[in-house]
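What follows is protein-v8.cif (mmCIF, C-alpha atoms and all ligand atoms).
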data_start
#
loop_
_atom_site.label_atom_id
_atom_site.label_comp_id
_atom_site.auth_asym_id
_atom_site.auth_seq_id
_atom_site.Cartn_x
_atom_site.Cartn_y
_atom_site.Cartn_z
CA MET O 1382 8.16 -3.68 -5.48
CA LYS O 1383 8.64 -3.31 -9.22
CA ALA O 1384 5.76 -5.32 -10.68
CA ASP O 1385 2.08 -4.39 -10.80
CA TYR O 1386 -0.14 -7.40 -11.49
CA HIS O 1387 -3.58 -5.77 -11.55
CA VAL O 1388 -4.06 -2.94 -14.05
CA HIS O 1389 -7.02 -1.91 -16.22
CA THR O 1390 -7.07 -0.08 -19.54
CA SER O 1391 -9.77 1.13 -21.93
CA PHE O 1392 -10.40 -2.53 -22.78
CA SER O 1393 -12.33 -2.48 -19.50
CA TYR O 1394 -15.75 -0.90 -19.50
CA ASP O 1395 -14.89 1.20 -16.43
CA SER O 1396 -11.59 2.67 -17.66
CA ASP O 1397 -11.00 5.20 -20.40
CA SER O 1398 -7.21 5.14 -20.15
CA ALA O 1399 -5.50 3.89 -23.31
CA PRO O 1400 -3.11 0.97 -22.69
CA GLU O 1401 -0.17 3.20 -23.76
CA LYS O 1402 -1.07 5.70 -21.04
CA MET O 1403 -1.18 3.00 -18.37
CA ILE O 1404 2.16 1.59 -19.50
CA GLU O 1405 3.72 5.05 -19.53
CA GLY O 1406 2.31 5.69 -16.05
CA ALA O 1407 4.07 2.53 -14.90
CA ILE O 1408 7.38 3.52 -16.52
CA GLN O 1409 7.20 6.90 -14.78
CA LYS O 1410 6.88 5.13 -11.44
CA GLY O 1411 9.90 2.94 -12.13
CA ILE O 1412 7.82 -0.24 -12.55
CA GLU O 1413 9.60 -3.01 -14.48
CA THR O 1414 6.69 -5.37 -15.13
CA ILE O 1415 3.08 -4.44 -15.75
CA CYS O 1416 0.48 -7.15 -16.14
CA ILE O 1417 -2.65 -5.81 -17.81
CA THR O 1418 -5.72 -7.51 -16.36
CA ASP O 1419 -8.83 -6.08 -17.98
CA HIS O 1420 -12.32 -7.05 -16.91
CA HIS O 1421 -13.98 -10.00 -18.56
CA ASP O 1422 -17.29 -10.49 -16.79
CA LEU O 1423 -19.48 -13.04 -18.54
CA GLU O 1424 -23.23 -12.76 -17.87
CA TYR O 1425 -22.83 -9.45 -16.09
CA ILE O 1426 -25.82 -7.25 -15.17
CA GLU O 1427 -25.26 -4.96 -18.14
CA PRO O 1428 -23.58 -5.40 -21.52
CA GLY O 1429 -20.08 -4.17 -22.35
CA TRP O 1430 -18.01 -5.99 -19.76
CA GLU O 1431 -16.48 -8.55 -22.11
CA VAL O 1432 -13.12 -8.10 -23.79
CA ASP O 1433 -12.67 -8.49 -27.54
CA PHE O 1434 -9.74 -10.87 -27.21
CA SER O 1435 -8.43 -10.72 -30.78
CA GLN O 1436 -8.12 -6.96 -30.48
CA TYR O 1437 -6.79 -7.23 -26.93
CA PHE O 1438 -3.93 -9.55 -27.83
CA GLU O 1439 -3.13 -7.73 -31.07
CA THR O 1440 -2.91 -4.35 -29.30
CA LEU O 1441 -1.04 -5.52 -26.24
CA GLN O 1442 1.43 -7.65 -28.22
CA ARG O 1443 2.23 -4.59 -30.33
CA LEU O 1444 2.83 -2.62 -27.12
CA GLN O 1445 5.06 -5.37 -25.73
CA ASP O 1446 7.33 -4.75 -28.73
CA LYS O 1447 7.01 -0.98 -28.59
CA TYR O 1448 8.10 -0.77 -24.96
CA ARG O 1449 10.64 -3.61 -24.99
CA GLY O 1450 13.73 -2.56 -23.06
CA GLN O 1451 11.71 -0.03 -21.01
CA ILE O 1452 9.15 -2.23 -19.33
CA GLN O 1453 7.89 -5.77 -19.58
CA VAL O 1454 4.22 -5.83 -20.57
CA LEU O 1455 2.34 -9.02 -19.73
CA ILE O 1456 -1.14 -9.95 -20.87
CA GLY O 1457 -3.44 -11.15 -18.12
CA ILE O 1458 -7.16 -10.97 -17.40
CA GLU O 1459 -9.58 -10.48 -14.50
CA PHE O 1460 -12.42 -12.98 -14.80
CA GLY O 1461 -15.65 -12.09 -13.01
CA MET O 1462 -16.48 -15.23 -11.07
CA GLN O 1463 -19.89 -16.84 -11.01
CA PRO O 1464 -20.25 -20.43 -9.85
CA HIS O 1465 -21.84 -21.72 -13.06
CA LEU O 1466 -19.37 -20.09 -15.46
CA ASN O 1467 -16.30 -22.24 -14.85
CA GLU O 1468 -16.52 -24.10 -18.16
CA GLU O 1469 -16.80 -20.92 -20.19
CA TYR O 1470 -13.76 -19.45 -18.48
CA GLU O 1471 -11.84 -22.71 -18.96
CA LYS O 1472 -12.49 -22.52 -22.68
CA LEU O 1473 -11.11 -18.98 -22.83
CA ALA O 1474 -8.04 -19.89 -20.82
CA ARG O 1475 -7.31 -22.79 -23.18
CA ARG O 1476 -7.75 -20.58 -26.21
CA TYR O 1477 -5.70 -17.54 -25.18
CA PRO O 1478 -2.16 -17.42 -23.78
CA PHE O 1479 -2.78 -15.41 -20.62
CA GLU O 1480 0.25 -15.05 -18.40
CA PHE O 1481 -1.91 -14.54 -15.33
CA VAL O 1482 -5.59 -14.82 -14.38
CA ILE O 1483 -7.25 -12.99 -11.49
CA GLY O 1484 -10.55 -14.42 -10.33
CA SER O 1485 -12.73 -11.77 -8.70
CA VAL O 1486 -16.25 -11.86 -7.38
CA HIS O 1487 -18.12 -8.78 -8.62
CA LEU O 1488 -21.69 -10.07 -8.35
CA PHE O 1489 -23.44 -10.82 -5.08
CA ASP O 1490 -27.04 -12.07 -5.20
CA GLY O 1491 -27.36 -10.45 -8.60
CA PHE O 1492 -25.98 -7.08 -7.50
CA ASP O 1493 -22.66 -5.42 -8.16
CA PRO O 1494 -22.13 -3.69 -4.81
CA TYR O 1495 -20.50 -0.78 -6.64
CA TYR O 1496 -24.05 0.19 -7.60
CA PRO O 1497 -26.86 0.75 -5.07
CA GLY O 1498 -29.04 -2.21 -4.19
CA TYR O 1499 -27.02 -4.92 -2.53
CA PHE O 1500 -27.08 -3.35 0.93
CA GLU O 1501 -30.70 -2.25 0.75
CA GLY O 1502 -32.68 -4.07 3.41
CA ARG O 1503 -29.67 -5.59 5.11
CA THR O 1504 -27.16 -4.46 7.67
CA ASP O 1505 -23.52 -4.03 6.74
CA GLU O 1506 -22.66 -7.02 8.87
CA ASP O 1507 -25.18 -9.24 7.07
CA GLY O 1508 -24.05 -7.91 3.71
CA TYR O 1509 -20.40 -8.63 4.43
CA ARG O 1510 -21.11 -12.13 5.74
CA ARG O 1511 -23.22 -12.99 2.74
CA ALA O 1512 -20.48 -11.68 0.43
CA PHE O 1513 -17.88 -13.94 2.04
CA GLU O 1514 -20.27 -16.86 1.81
CA ILE O 1515 -20.74 -16.19 -1.91
CA THR O 1516 -16.98 -15.84 -2.35
CA LEU O 1517 -16.52 -19.27 -0.79
CA GLU O 1518 -19.06 -20.77 -3.18
CA ASN O 1519 -17.21 -19.18 -6.09
CA VAL O 1520 -13.73 -20.34 -5.17
CA LYS O 1521 -15.06 -23.86 -4.71
CA LYS O 1522 -16.79 -24.04 -8.07
CA MET O 1523 -14.46 -21.96 -10.24
CA LYS O 1524 -11.10 -23.41 -11.19
CA GLU O 1525 -9.78 -21.09 -13.85
CA TYR O 1526 -7.86 -18.45 -11.90
CA ASP O 1527 -4.40 -18.04 -10.41
CA THR O 1528 -5.15 -15.59 -7.60
CA LEU O 1529 -8.29 -14.42 -5.81
CA GLY O 1530 -8.75 -10.67 -6.37
CA HIS O 1531 -9.62 -8.07 -3.72
CA LEU O 1532 -11.08 -10.52 -1.19
CA ASP O 1533 -12.74 -7.99 1.16
CA TYR O 1534 -13.50 -5.08 -1.16
CA ILE O 1535 -17.19 -5.49 -0.29
CA VAL O 1536 -16.52 -3.31 2.79
CA ARG O 1537 -16.07 -0.31 0.49
CA TYR O 1538 -19.77 -0.32 -0.18
CA GLY O 1539 -21.36 -0.88 3.22
CA LYS O 1540 -23.09 2.11 4.83
CA HIS O 1541 -20.45 2.34 7.55
CA LYS O 1542 -17.60 0.90 5.48
CA ASP O 1543 -14.82 -0.62 7.60
CA LYS O 1544 -16.35 0.53 10.90
CA THR O 1545 -18.72 -2.42 10.75
CA TYR O 1546 -16.15 -4.90 9.48
CA SER O 1547 -13.87 -7.38 11.16
CA TYR O 1548 -12.16 -10.56 10.05
CA LYS O 1549 -13.22 -12.25 13.29
CA GLU O 1550 -16.94 -11.89 12.62
CA ASN O 1551 -16.44 -13.61 9.30
CA ALA O 1552 -13.61 -15.99 10.18
CA ASP O 1553 -15.73 -19.09 9.51
CA TYR O 1554 -16.22 -18.24 5.82
CA ILE O 1555 -12.90 -16.50 5.29
CA ASP O 1556 -10.86 -19.36 6.75
CA GLU O 1557 -12.63 -21.79 4.44
CA VAL O 1558 -11.79 -19.55 1.48
CA LEU O 1559 -8.14 -19.36 2.51
CA LYS O 1560 -7.87 -23.10 3.09
CA HIS O 1561 -9.42 -23.79 -0.27
CA LEU O 1562 -6.94 -21.47 -2.00
CA ILE O 1563 -4.00 -23.11 -0.25
CA GLN O 1564 -5.13 -26.66 -0.96
CA ASN O 1565 -5.63 -25.87 -4.62
CA GLY O 1566 -2.41 -23.96 -5.21
CA LYS O 1567 -4.20 -20.65 -5.75
CA GLY O 1568 -2.85 -17.27 -4.74
CA LEU O 1569 -4.32 -14.44 -2.74
CA GLU O 1570 -4.09 -10.93 -4.09
CA MET O 1571 -2.90 -7.99 -2.06
CA ASN O 1572 -4.78 -5.16 -3.75
CA THR O 1573 -3.47 -1.69 -2.82
CA GLY O 1574 -6.72 -0.16 -4.06
CA GLY O 1575 -7.88 -0.35 -0.44
CA TRP O 1576 -5.40 2.35 0.53
CA ASN O 1577 -6.32 4.37 -2.52
CA PHE O 1578 -9.96 4.15 -1.44
CA GLY O 1579 -9.02 5.66 1.94
CA PHE O 1580 -8.84 2.61 4.18
CA ASP O 1581 -5.85 2.06 6.43
CA PHE O 1582 -5.61 -1.45 5.01
CA ALA O 1583 -5.09 -2.86 1.56
CA HIS O 1584 -7.43 -5.67 0.41
CA PRO O 1585 -7.49 -7.92 2.20
CA HIS O 1586 -7.07 -6.66 5.74
CA GLN O 1587 -3.81 -7.59 7.47
CA ASP O 1588 -5.69 -9.94 9.80
CA ILE O 1589 -6.60 -12.03 6.76
CA LEU O 1590 -3.12 -11.98 5.26
CA LYS O 1591 -1.71 -13.10 8.60
CA ARG O 1592 -4.24 -15.89 8.78
CA TYR O 1593 -3.42 -17.01 5.21
CA ARG O 1594 0.26 -17.23 6.18
CA GLU O 1595 -0.59 -19.02 9.42
CA LEU O 1596 -2.57 -21.63 7.50
CA GLY O 1597 0.39 -22.20 5.17
CA GLY O 1598 -0.47 -19.80 2.33
CA GLU O 1599 2.52 -18.65 0.30
CA ILE O 1600 1.29 -17.22 -2.99
CA ILE O 1601 0.71 -13.48 -2.66
CA THR O 1602 0.26 -11.40 -5.80
CA ILE O 1603 0.44 -7.60 -5.72
CA GLY O 1604 -1.72 -5.24 -7.75
CA SER O 1605 -2.95 -1.67 -7.65
CA ASP O 1606 -6.20 -2.26 -9.59
CA ALA O 1607 -5.42 1.05 -11.32
CA HIS O 1608 -7.92 2.38 -13.85
CA LYS O 1609 -5.93 5.61 -14.41
CA PRO O 1610 -2.18 6.07 -15.12
CA GLU O 1611 -1.52 7.96 -11.88
CA ASP O 1612 -2.86 5.03 -9.85
CA VAL O 1613 -0.46 2.43 -11.22
CA ALA O 1614 1.61 0.97 -8.36
CA TYR O 1615 -0.39 3.00 -5.84
CA GLY O 1616 1.11 2.63 -2.36
CA PHE O 1617 3.76 0.15 -3.47
CA GLU O 1618 6.30 1.79 -1.17
CA ARG O 1619 4.22 0.51 1.76
CA VAL O 1620 3.82 -3.08 0.53
CA LYS O 1621 7.06 -4.47 1.92
CA ALA O 1622 6.32 -3.45 5.52
CA TYR O 1623 2.67 -4.55 5.23
CA LEU O 1624 3.60 -8.03 4.03
CA GLU O 1625 6.51 -8.46 6.40
CA ALA O 1626 4.23 -7.61 9.32
CA CYS O 1627 2.02 -10.48 8.16
CA GLY O 1628 4.90 -12.96 8.08
CA PHE O 1629 5.77 -12.99 4.39
CA GLU O 1630 9.30 -12.96 2.98
CA TYR O 1631 8.23 -13.48 -0.61
CA TYR O 1632 5.64 -12.24 -3.02
CA THR O 1633 4.73 -13.89 -6.30
CA GLU O 1634 4.92 -13.02 -9.97
CA PHE O 1635 3.43 -15.16 -12.71
CA ARG O 1636 4.60 -16.21 -16.18
CA GLN O 1637 2.51 -18.52 -18.32
CA ARG O 1638 0.26 -18.99 -15.32
CA LYS O 1639 3.07 -20.38 -13.15
CA PRO O 1640 4.15 -18.71 -9.89
CA TYR O 1641 7.65 -17.41 -9.25
CA PHE O 1642 8.64 -16.36 -5.79
CA CYS O 1643 10.53 -13.09 -5.36
CA ALA O 1644 12.11 -11.74 -2.19
CA ILE O 1645 10.15 -8.78 -0.88
ZN ZN A 1 -12.29 -6.45 -9.61
ZN ZN A 2 -9.74 -4.93 -11.28
#

Show me, as structure tokens, the structure contained in the file I just sent.
Amino acid sequence: MKADYHVHTSFSYDSDSAPEKMIEGAIQKGIETICITDHHDLEYIEPGWEVDFSQYFETLQRLQDKYRGQIQVLIGIEFGMQPHLNEEYEKLARRYPFEFVIGSVHLFDGFDPYYPGYFEGRTDEDGYRRAFEITLENVKKMKEYDTLGHLDYIVRYGKHKDKTYSYKENADYIDEVLKHLIQNGKGLEMNTGGWNFGFDFAHPHQDILKRYRELGGEIITIGSDAHKPEDVAYGFERVKAYLEACGFEYYTEFRQRKPYFCAI
């Protein structure tokens, strides 16, 4: 696995790692393609989560040249999904030449579960179910993304984390999400940040990846969601076995927002 398609830099509010540092971290790990996907979260709960795109493209295009021959640097983005924001994101995608767009749900009933609040007054189980329901609403209304980011990362923030989580309990919503992705030619991200967080699964859980394959899903993108250089390509040595166990023979890279299948 030589391509990391989910990486943050200091263009994201929650990373202070310069793009050069992230690229050099990738080179050190033997990565051949790094797709930078900084956060662009319109109408987020606090200011600062929007990328200055002229600066973004200028900086990253300069780094593409600087590192040419050492590593391929691609310019992508992670859009924070909200059902009513599709048009705004469409405008941005028309205006800027992203190679790859991750759509991720970061807001649930007005809360970012990273911060306290979302789980107050509800059980983990209720919180997870509601999050999958909201994810379904988002994937139905949003069109401007190539892959759905970190599908079950909500379980990081429950009181009992993955102990209170199973695909089965949420299969009604999750299956609808997967079917929608498949019918609309969208990918599903395998986000190795789950391992980095301490889970024995990447996001999403293997049960979900298996189900996606069973339903006919083929587009799997791979990303570490690194915010620091040492986390680039985290756990990539385990990806092959993880995906093969779920029935996949290919993963997917993107250029100009089009998928290319690569043998695992
Ligand atoms: Zn995210
Ligand atoms: Zn991310």

(message) List as number ranges by chain the protein and nucleic acid residues near stretch 1499-1504 of chain O, meaning an atom at most 12 Å away when all atoms listed in the file are counted, but skip any in the same chain fewer than 2 places from it.
(response) O: 1487-1497, 1506-1512, 1535-1542, 1545-1546

(request) Could you pull out the residues sitting within 12 Å of ligand ZN 2 (chain A), using only C-alpha atoms and all ligand atoms, and write them as a ChimeraX atom specification? (result) /O:1385-1390,1392-1396,1416-1422,1430,1457-1461,1482-1487,1529-1532,1534,1570-1575,1584,1603-1609,1613

Mind checking which residues fall within 12 Å of O:Tyr1593, counting all atoms listed in the file, ignoring those fewer than 2 positions away in the same chain, and posting them as a short mmCIF file (atom, residue, chain, number, x, y, z; two decimals) with C-alpha atoms, keeping the file's coordinate frame?
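Result file selection.cif:
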data_model
loop_
_atom_site.label_atom_id
_atom_site.label_comp_id
_atom_site.auth_asym_id
_atom_site.auth_seq_id
_atom_site.Cartn_x
_atom_site.Cartn_y
_atom_site.Cartn_z
CA LEU O 1532 -11.08 -10.52 -1.19
CA TYR O 1548 -12.16 -10.56 10.05
CA ALA O 1552 -13.61 -15.99 10.18
CA ILE O 1555 -12.90 -16.50 5.29
CA ASP O 1556 -10.86 -19.36 6.75
CA GLU O 1557 -12.63 -21.79 4.44
CA VAL O 1558 -11.79 -19.55 1.48
CA LEU O 1559 -8.14 -19.36 2.51
CA LYS O 1560 -7.87 -23.10 3.09
CA HIS O 1561 -9.42 -23.79 -0.27
CA LEU O 1562 -6.94 -21.47 -2.00
CA ILE O 1563 -4.00 -23.11 -0.25
CA GLN O 1564 -5.13 -26.66 -0.96
CA LYS O 1567 -4.20 -20.65 -5.75
CA GLY O 1568 -2.85 -17.27 -4.74
CA LEU O 1569 -4.32 -14.44 -2.74
CA GLU O 1570 -4.09 -10.93 -4.09
CA MET O 1571 -2.90 -7.99 -2.06
CA PRO O 1585 -7.49 -7.92 2.20
CA HIS O 1586 -7.07 -6.66 5.74
CA GLN O 1587 -3.81 -7.59 7.47
CA ASP O 1588 -5.69 -9.94 9.80
CA ILE O 1589 -6.60 -12.03 6.76
CA LEU O 1590 -3.12 -11.98 5.26
CA LYS O 1591 -1.71 -13.10 8.60
CA GLU O 1595 -0.59 -19.02 9.42
CA LEU O 1596 -2.57 -21.63 7.50
CA GLY O 1597 0.39 -22.20 5.17
CA GLY O 1598 -0.47 -19.80 2.33
CA GLU O 1599 2.52 -18.65 0.30
CA ILE O 1600 1.29 -17.22 -2.99
CA ILE O 1601 0.71 -13.48 -2.66
CA LEU O 1624 3.60 -8.03 4.03
CA CYS O 1627 2.02 -10.48 8.16
CA GLY O 1628 4.90 -12.96 8.08
CA PHE O 1629 5.77 -12.99 4.39
#

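Of the listed residues O:Asp1553, O:Asp1533, O:Asp1581, O:Glu1625, the one whose atoms come nearest to ligand ZN 1 (chain A) is O:Asp1533, with distances taken using all atoms listed in the file.
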
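You can rank O:Met1462, O:Lys1549, O:Ala1583, O:Lys1544 by their closest distance to ligand ZN 1 (chain A) using all atoms listed in the file, and at the top of that list sits O:Met1462.
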
(message) Could you tell me how far atom CA of O:Leu1441 sits from atom CA of O:Glu1634, in Å to one decimal place?
(response) 18.9 Å

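In this model, the gap between atom CA of O:Asn1577 and atom CA of O:Thr1440 comes to 28.4 Å.
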
(request) Using atom CA of O:Glu1405 and atom CA of O:Arg1476 as the two end points, give the distance in Å to one decimal. (result)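 So the answer is 28.9 Å.
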
(request) Using only C-alpha atoms, find the one residue out of O:Phe1434, O:Pro1610, O:Gly1498, O:Gln1463 that sits nearest to O:Ile1408. (result)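 Answer, going by the shortest atom-to-atom distance: O:Pro1610.
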
(message) So, with all atoms listed in the file as the atoms that count, which of O:Asn1551, O:Ser1435, O:Thr1528, O:Thr1414 lies closest to O:Val1454?
(response) O:Thr1414

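Remark: for O:Gly1411, the closest of the candidate residues O:Ala1626, O:Ala1614, O:Ile1426, O:Ile1456 is O:Ala1614 (distances computed over only C-alpha atoms).
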